[in-house]
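> To be precise about what I am sending: the file is called work_30.txt and holds compact mmCIF, C-alpha atoms and all ligand atoms.
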# COMPACT_ATOMS: atom_id res chain seq x y z
CA MET T 927 -92.73 6.55 -70.89
CA THR T 928 -94.07 3.15 -69.81
CA GLU T 929 -91.55 1.33 -71.86
CA ASN T 930 -91.01 -2.25 -72.66
CA THR T 931 -88.40 -2.19 -75.37
CA HIS T 932 -86.59 -5.21 -76.62
CA ILE T 933 -85.28 -6.63 -79.85
CA PHE T 934 -87.18 -9.78 -80.58
CA ALA T 935 -89.05 -11.93 -83.06
CA ALA T 936 -92.54 -10.53 -82.67
CA SER T 937 -94.95 -13.43 -82.62
CA SER T 938 -97.92 -11.15 -81.87
CA CYS T 939 -97.22 -8.80 -84.79
CA PRO T 940 -99.88 -9.06 -87.51
CA HIS T 941 -97.28 -8.62 -90.25
CA ALA T 942 -94.95 -11.56 -90.45
CA VAL T 943 -91.76 -10.83 -88.57
CA THR T 944 -89.00 -13.41 -88.77
CA ALA T 945 -86.23 -14.00 -86.24
CA GLN T 946 -83.87 -12.08 -88.57
CA ASP T 947 -85.94 -8.90 -88.48
CA VAL T 948 -84.98 -6.22 -86.00
CA ALA T 949 -88.11 -5.12 -84.21
CA ILE T 950 -88.89 -3.03 -81.16
CA THR T 951 -92.22 -3.12 -79.33
CA ILE T 952 -93.15 -0.29 -77.02
CA CYS T 953 -96.32 0.20 -75.02
CA LEU T 954 -97.41 3.84 -74.92
CA ASN T 955 -100.16 5.12 -72.69
CA GLY T 956 -101.65 8.35 -74.02
CA GLU T 957 -100.99 10.53 -77.03
CA ALA T 958 -98.19 12.42 -75.25
CA GLU T 959 -96.16 9.20 -74.96
CA THR T 960 -96.75 8.50 -78.65
CA ALA T 961 -95.44 12.00 -79.41
CA ALA T 962 -92.39 11.31 -77.23
CA LEU T 963 -91.63 8.12 -79.19
CA ALA T 964 -92.00 10.12 -82.41
CA ALA T 965 -89.50 12.68 -81.11
CA ARG T 966 -87.01 9.85 -80.46
CA LEU T 967 -87.53 8.34 -83.91
CA ALA T 968 -87.56 11.56 -85.97
CA PRO T 969 -83.77 12.22 -85.87
CA TYR T 970 -83.18 8.87 -87.59
CA MET T 971 -85.32 9.69 -90.63
CA ARG T 972 -83.60 10.51 -93.93
CA GLY T 973 -84.65 11.69 -97.39
CA GLY T 974 -85.81 8.72 -99.45
CA ASP T 975 -87.12 6.83 -96.41
CA VAL T 976 -90.52 5.22 -96.30
CA LEU T 977 -92.36 4.70 -93.02
CA ALA T 978 -95.42 2.48 -93.49
CA LEU T 979 -97.97 3.11 -90.72
CA TRP T 980 -100.20 0.08 -90.13
CA GLY T 981 -103.26 0.09 -87.89
CA THR T 982 -107.02 0.37 -87.97
CA LEU T 983 -109.07 3.57 -87.82
CA GLY T 984 -108.28 5.55 -84.69
CA ALA T 985 -105.19 3.53 -83.81
CA GLY T 986 -102.97 6.62 -83.90
CA LYS T 987 -101.29 6.71 -87.34
CA SER T 988 -102.04 10.42 -87.74
CA ALA T 989 -101.12 11.11 -84.09
CA LEU T 990 -97.70 9.48 -84.57
CA SER T 991 -97.21 11.35 -87.88
CA ARG T 992 -98.04 14.64 -86.14
CA GLY T 993 -95.41 13.86 -83.52
CA LEU T 994 -92.77 13.11 -86.16
CA ILE T 995 -93.57 16.25 -88.16
CA ARG T 996 -93.64 18.50 -85.08
CA ALA T 997 -90.33 17.07 -83.90
CA LEU T 998 -88.78 18.17 -87.23
CA THR T 999 -90.60 21.50 -87.68
CA SER T 1000 -92.02 23.13 -84.57
CA ALA T 1001 -94.21 22.07 -81.67
CA ASP T 1002 -97.09 24.23 -82.90
CA GLU T 1003 -96.97 23.13 -86.57
CA GLU T 1004 -100.48 22.55 -87.96
CA VAL T 1005 -100.66 18.90 -89.03
CA PRO T 1006 -104.09 18.14 -90.47
CA SER T 1007 -104.94 14.56 -91.38
CA PRO T 1008 -104.49 14.10 -95.13
CA THR T 1009 -107.79 12.18 -95.27
CA PHE T 1010 -109.14 14.31 -98.12
CA THR T 1011 -106.02 15.95 -99.58
CA LEU T 1012 -104.33 12.48 -99.67
CA VAL T 1013 -100.94 14.09 -99.14
CA GLN T 1014 -99.61 16.99 -97.04
CA ILE T 1015 -96.08 18.28 -97.53
CA TYR T 1016 -93.78 19.78 -94.86
CA GLU T 1017 -90.39 21.40 -95.32
CA PRO T 1018 -88.36 21.35 -92.11
CA ASP T 1019 -85.37 23.77 -92.02
CA ALA T 1020 -82.86 21.15 -90.95
CA ALA T 1021 -84.17 17.88 -92.34
CA ALA T 1022 -85.48 16.37 -95.57
CA PRO T 1023 -89.02 17.29 -96.63
CA VAL T 1024 -91.76 15.10 -95.15
CA TRP T 1025 -94.64 13.89 -97.30
CA HIS T 1026 -97.55 12.63 -95.19
CA PHE T 1027 -99.85 10.35 -97.20
CA ASP T 1028 -103.26 8.92 -96.32
CA LEU T 1029 -104.05 6.39 -99.05
CA TYR T 1030 -107.39 5.22 -97.62
CA ARG T 1031 -109.31 6.85 -100.46
CA ILE T 1032 -107.27 5.76 -103.44
CA GLU T 1033 -108.93 3.12 -105.55
CA ASP T 1034 -105.98 1.95 -107.59
CA PRO T 1035 -102.31 1.67 -106.52
CA ASP T 1036 -101.29 3.60 -109.68
CA GLU T 1037 -102.85 6.75 -108.18
CA ILE T 1038 -99.76 7.16 -105.99
CA TRP T 1039 -97.78 8.32 -109.05
CA GLU T 1040 -100.33 11.11 -109.62
CA LEU T 1041 -99.72 12.16 -106.01
CA GLY T 1042 -96.02 12.57 -106.82
CA PHE T 1043 -94.76 9.53 -104.96
CA GLU T 1044 -91.76 9.24 -107.29
CA ASP T 1045 -90.53 12.70 -106.24
CA ALA T 1046 -91.12 11.81 -102.60
CA LEU T 1047 -89.02 8.67 -102.98
CA HIS T 1048 -86.14 10.71 -104.39
CA MET T 1049 -85.80 13.32 -101.72
CA ALA T 1050 -88.41 13.18 -98.99
CA THR T 1051 -89.35 11.06 -96.02
CA SER T 1052 -92.72 9.45 -96.79
CA LEU T 1053 -95.10 8.74 -93.91
CA ILE T 1054 -97.79 6.47 -95.34
CA GLU T 1055 -101.13 5.70 -93.70
CA TRP T 1056 -103.02 2.73 -95.23
CA PRO T 1057 -99.89 1.45 -97.03
CA ALA T 1058 -101.69 -1.72 -98.22
CA ARG T 1059 -103.45 0.51 -100.77
CA MET T 1060 -100.14 0.80 -102.64
CA GLY T 1061 -100.08 -2.91 -103.33
CA SER T 1062 -96.75 -4.06 -104.72
CA TYR T 1063 -95.43 -0.47 -105.03
CA LEU T 1064 -94.75 -0.41 -101.30
CA PRO T 1065 -90.93 -0.28 -101.14
CA LYS T 1066 -89.22 -3.34 -99.70
CA GLN T 1067 -86.72 -1.17 -97.80
CA ARG T 1068 -88.81 0.61 -95.22
CA LEU T 1069 -89.71 0.94 -91.57
CA ASP T 1070 -92.99 -0.69 -90.67
CA VAL T 1071 -94.78 0.96 -87.76
CA VAL T 1072 -97.55 -1.31 -86.51
CA ILE T 1073 -99.97 0.38 -84.11
CA GLU T 1074 -102.39 -1.76 -82.09
CA PHE T 1075 -104.92 -0.90 -79.40
CA ALA T 1076 -104.05 -2.36 -75.99
CA PRO T 1077 -107.44 -2.30 -74.20
CA GLU T 1078 -106.21 -4.72 -71.52
CA ILE T 1079 -103.91 -1.91 -70.34
CA ALA T 1080 -105.99 1.23 -70.93
CA GLU T 1081 -108.27 2.84 -73.48
CA THR T 1082 -105.47 5.25 -74.34
CA ALA T 1083 -102.76 2.56 -74.49
CA ARG T 1084 -101.22 1.54 -77.80
CA ARG T 1085 -98.70 -1.18 -78.60
CA ILE T 1086 -96.33 0.11 -81.26
CA THR T 1087 -93.96 -2.23 -83.05
CA LEU T 1088 -91.19 -0.82 -85.24
CA VAL T 1089 -89.98 -3.42 -87.74
CA ALA T 1090 -86.90 -2.73 -89.87
CA ARG T 1091 -87.40 -3.99 -93.41
CA GLY T 1092 -83.89 -3.94 -94.83
CA SER T 1093 -80.46 -3.40 -93.31
CA ALA T 1094 -80.46 0.41 -93.24
CA TRP T 1095 -83.35 0.59 -90.78
CA ALA T 1096 -82.07 -2.39 -88.80
CA GLN T 1097 -78.89 -0.47 -87.97
CA ARG T 1098 -80.78 2.69 -87.12
CA LEU T 1099 -83.22 0.90 -84.81
CA GLN T 1100 -80.33 -0.67 -82.97
CA LYS T 1101 -78.70 2.76 -82.55
CA MET T 1102 -81.99 4.21 -81.34
CA GLU T 1103 -82.36 1.41 -78.81
CA LEU T 1104 -78.80 1.94 -77.52
CA ALA T 1105 -79.34 5.70 -77.28
CA SER T 1106 -82.33 5.15 -74.99
CA GLU T 1107 -80.51 2.91 -72.52
N1 LIG T 1201 -101.42 6.35 -76.95
C1 LIG T 1201 -102.03 6.99 -77.96
N2 LIG T 1201 -101.38 7.22 -79.11
C2 LIG T 1201 -102.00 7.84 -80.13
N3 LIG T 1201 -103.28 8.27 -80.11
C3 LIG T 1201 -103.98 8.06 -79.00
C4 LIG T 1201 -103.40 7.41 -77.88
N4 LIG T 1201 -104.34 7.33 -76.92
C5 LIG T 1201 -105.43 7.89 -77.41
N5 LIG T 1201 -105.25 8.35 -78.64
C6 LIG T 1201 -106.29 8.98 -79.47
O1 LIG T 1201 -106.60 8.08 -80.52
C7 LIG T 1201 -106.94 8.83 -81.68
C8 LIG T 1201 -106.02 8.45 -82.81
O2 LIG T 1201 -106.48 9.07 -83.97
P1 LIG T 1201 -105.66 9.13 -85.31
O3 LIG T 1201 -104.22 9.42 -85.03
O4 LIG T 1201 -106.39 10.07 -86.21
O5 LIG T 1201 -105.82 7.62 -85.84
P2 LIG T 1201 -105.56 7.02 -87.29
O6 LIG T 1201 -104.79 8.02 -88.10
O7 LIG T 1201 -104.78 5.76 -87.02
O8 LIG T 1201 -106.93 6.71 -87.84
C9 LIG T 1201 -106.83 10.32 -81.32
O9 LIG T 1201 -108.09 10.79 -80.95
C10 LIG T 1201 -105.87 10.28 -80.13
O10 LIG T 1201 -106.05 11.37 -79.26
MG MG T 1202 -105.17 8.93 -89.95
I need this file expressed as C-alpha cells, please.


Amino acid sequence: MTENTHIFAASSCPHAVTAQDVAITICLNGEAETAALAARLAPYMRGGDVLALWGTLGAGKSALSRGLIRALTSADEEVPSPTFTLVQIYEPDAAAPVWHFDLYRIEDPDEIWELGFEDALHMATSLIEWPARMGSYLPKQRLDVVIEFAPEIAETARRITLVARGSAWAQRLQKMELASE
C-alpha cells in the first residue's frame, strides 16, 4: 500500500475538519489498495455505526463499500451498487448486518425512513453513498470517508480521508493507526 498516514488537521479536506478532529489521509493507487484499506477498517465497524461516503461519481464509494462488505462476508460476495434498489442488506456470520445505501435518487430526506433507516441505526452498520441527501438526518456521530481523485499521482489513485465525527470513532481510528505501525 502506498501509504501516507498521519493524524492531522486536514486543510485540503472539502468537509471542514478542525484541529480537534482525528483524521487519517491515505493515498491508494488502484482498486486493490482501496480493498486493502477496507479490510483494515472493517474489523472496527459495529452495529449502529454510520459511515458517510463522500465523493463524486466514480470516486470509489461503491468500490470501498464492496471491500468492507467482502471483508465481513466472503471474498466472492456479490455486491451490486444500490443505485436503483437504494439499499442492499448483508448479514455477515460474525458481525453486525451491513446496510449499503445509495441515496442519489431520493428526492426528500424523509424517504430514508421508508428505506428502514431507523432499523439500520438500531442494529446495523450503515454505509451511505450521497449522504448529503439525508440533510439534517445524517447522524452527528459517524465516520466520514472522503474520497478524492488524485490525478497528479495516477488515474487510478485516490486520496481517502477518514474523519472521526465523535469520540467513539476517534478512539477507533487511533487504534487502527497504531495497529498498522
Ligand atoms: N484506487 C481506486 N479505488 C477505488 N476505485 C478505483 C480506484 N482506481 C480506479 N478505480 C475505479 O473507479 C471506479 C469507482 O467506481 P464506483 O466505486 O462505482 O464509484 P462511486 O460509487 O463513487 O460512484 C471503478 O471503476 C473502479 O474500478
Ligand atoms: Mg456508487

> Contacts between ligand LIG 1201 (chain T) and chain T, please, where a residue of chain T counts if it comes within 6 Å (with all atoms listed in the file); show its shortest atom pair and distance in Å to one decimal, rows by chain and ascending number, as JSON lines.


{"residue": "T:Leu954", "atom": "CA", "partner": "T:LIG1201", "partner_atom": "N1", "distance": 5.1}
{"residue": "T:Asn955", "atom": "CA", "partner": "T:LIG1201", "partner_atom": "N1", "distance": 4.6}
{"residue": "T:Gly956", "atom": "CA", "partner": "T:LIG1201", "partner_atom": "N1", "distance": 3.6}
{"residue": "T:Glu957", "atom": "CA", "partner": "T:LIG1201", "partner_atom": "C1", "distance": 3.8}
{"residue": "T:Thr960", "atom": "CA", "partner": "T:LIG1201", "partner_atom": "N2", "distance": 4.8}
{"residue": "T:Gly981", "atom": "CA", "partner": "T:LIG1201", "partner_atom": "O7", "distance": 5.9}
{"residue": "T:Thr982", "atom": "CA", "partner": "T:LIG1201", "partner_atom": "O7", "distance": 5.9}
{"residue": "T:Leu983", "atom": "CA", "partner": "T:LIG1201", "partner_atom": "O8", "distance": 3.8}
{"residue": "T:Gly984", "atom": "CA", "partner": "T:LIG1201", "partner_atom": "O5", "distance": 3.4}
{"residue": "T:Ala985", "atom": "CA", "partner": "T:LIG1201", "partner_atom": "O7", "distance": 3.9}
{"residue": "T:Gly986", "atom": "CA", "partner": "T:LIG1201", "partner_atom": "O3", "distance": 3.3}
{"residue": "T:Lys987", "atom": "CA", "partner": "T:LIG1201", "partner_atom": "O7", "distance": 3.6}
{"residue": "T:Ser988", "atom": "CA", "partner": "T:LIG1201", "partner_atom": "O3", "distance": 3.6}
{"residue": "T:Ala989", "atom": "CA", "partner": "T:LIG1201", "partner_atom": "O3", "distance": 3.7}
{"residue": "T:Thr1082", "atom": "CA", "partner": "T:LIG1201", "partner_atom": "N4", "distance": 3.5}
{"residue": "T:Ala1083", "atom": "CA", "partner": "T:LIG1201", "partner_atom": "N1", "distance": 4.7}
{"residue": "T:Arg1084", "atom": "CA", "partner": "T:LIG1201", "partner_atom": "N1", "distance": 4.9}

> Counting all atoms listed in the file, which residues of chain T fall within 12 Å of ligand MG 1202 (chain T), and what is the closest atom pair for each with its distance in Å at one decimal, ordered by chain and rising number, as CSV?


residue,atom,partner,partner_atom,distance
T:Leu979,CA,T:MG1202,MG,9.3
T:Trp980,CA,T:MG1202,MG,10.2
T:Gly981,CA,T:MG1202,MG,9.3
T:Thr982,CA,T:MG1202,MG,9.0
T:Leu983,CA,T:MG1202,MG,7.0
T:Gly984,CA,T:MG1202,MG,7.0
T:Ala985,CA,T:MG1202,MG,8.2
T:Gly986,CA,T:MG1202,MG,6.8
T:Lys987,CA,T:MG1202,MG,5.2
T:Ser988,CA,T:MG1202,MG,4.1
T:Ala989,CA,T:MG1202,MG,7.4
T:Leu990,CA,T:MG1202,MG,9.2
T:Ser991,CA,T:MG1202,MG,8.6
T:Arg992,CA,T:MG1202,MG,9.9
T:Val1005,CA,T:MG1202,MG,11.0
T:Pro1006,CA,T:MG1202,MG,9.3
T:Ser1007,CA,T:MG1202,MG,5.8
T:Pro1008,CA,T:MG1202,MG,7.4
T:Thr1009,CA,T:MG1202,MG,6.8
T:Phe1010,CA,T:MG1202,MG,10.6
T:Thr1011,CA,T:MG1202,MG,11.9
T:Leu1012,CA,T:MG1202,MG,10.4
T:Val1013,CA,T:MG1202,MG,11.4
T:His1026,CA,T:MG1202,MG,10.0
T:Phe1027,CA,T:MG1202,MG,9.1
T:Asp1028,CA,T:MG1202,MG,6.7
T:Leu1029,CA,T:MG1202,MG,9.5
T:Tyr1030,CA,T:MG1202,MG,8.8
T:Arg1031,CA,T:MG1202,MG,11.5
T:Leu1053,CA,T:MG1202,MG,10.8
T:Ile1054,CA,T:MG1202,MG,9.5
T:Glu1055,CA,T:MG1202,MG,6.4
T:Trp1056,CA,T:MG1202,MG,8.4
T:Pro1057,CA,T:MG1202,MG,11.6
T:Ile1073,CA,T:MG1202,MG,11.6

> Check the smallest atom-to-atom distance from each of T:Leu1047, T:Ala1020, T:Ala962, T:Ala978 to T:Ala1090 using all atoms listed in the file, then report the winner.

T:Ala978

> Find, counting only C-alpha atoms, the residue in T:Ile1079, T:Lys1066, T:Ala1022, T:Glu1037 that gets nearest to T:Ala1094.

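Checking each of T:Ile1079, T:Lys1066, T:Ala1022, T:Glu1037 against T:Ala1094, counting only C-alpha atoms, the winner is T:Lys1066.
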
> Work out how far atom CA of T:Val976 is from atom CA of T:Ile1038, in Å to one decimal.

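Interatomic distance, atom CA of T:Ile1038 to atom CA of T:Val976: 13.5 Å.
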
> Excluding same-chain residues fewer than 2 positions from T:Ala1105, what lies within 12 Å of it counting only C-alpha atoms, as a PyMOL selection string?

chain T and resi 966-967+969-970+1098-1103+1107

> Determine the nearest neighbour of T:Tyr1016 from the options T:Arg972, T:Arg1085, T:Arg1059, T:Arg996, counting only C-alpha atoms.

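The answer is T:Arg996, which sits nearest to T:Tyr1016.
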
> Between T:Gly1092, T:Ile952, T:Ala1001, T:Gly974, which has the minimum distance to T:Phe1043 (counting all atoms listed in the file)?

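So, comparing all the options, the nearest one is T:Gly974.
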
> One decimal, Å: what's the distance from atom CA of T:Ser1052 over to atom CA of T:Gly973, could you say?

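Between atom CA of T:Ser1052 and atom CA of T:Gly973 the gap is 8.4 Å.
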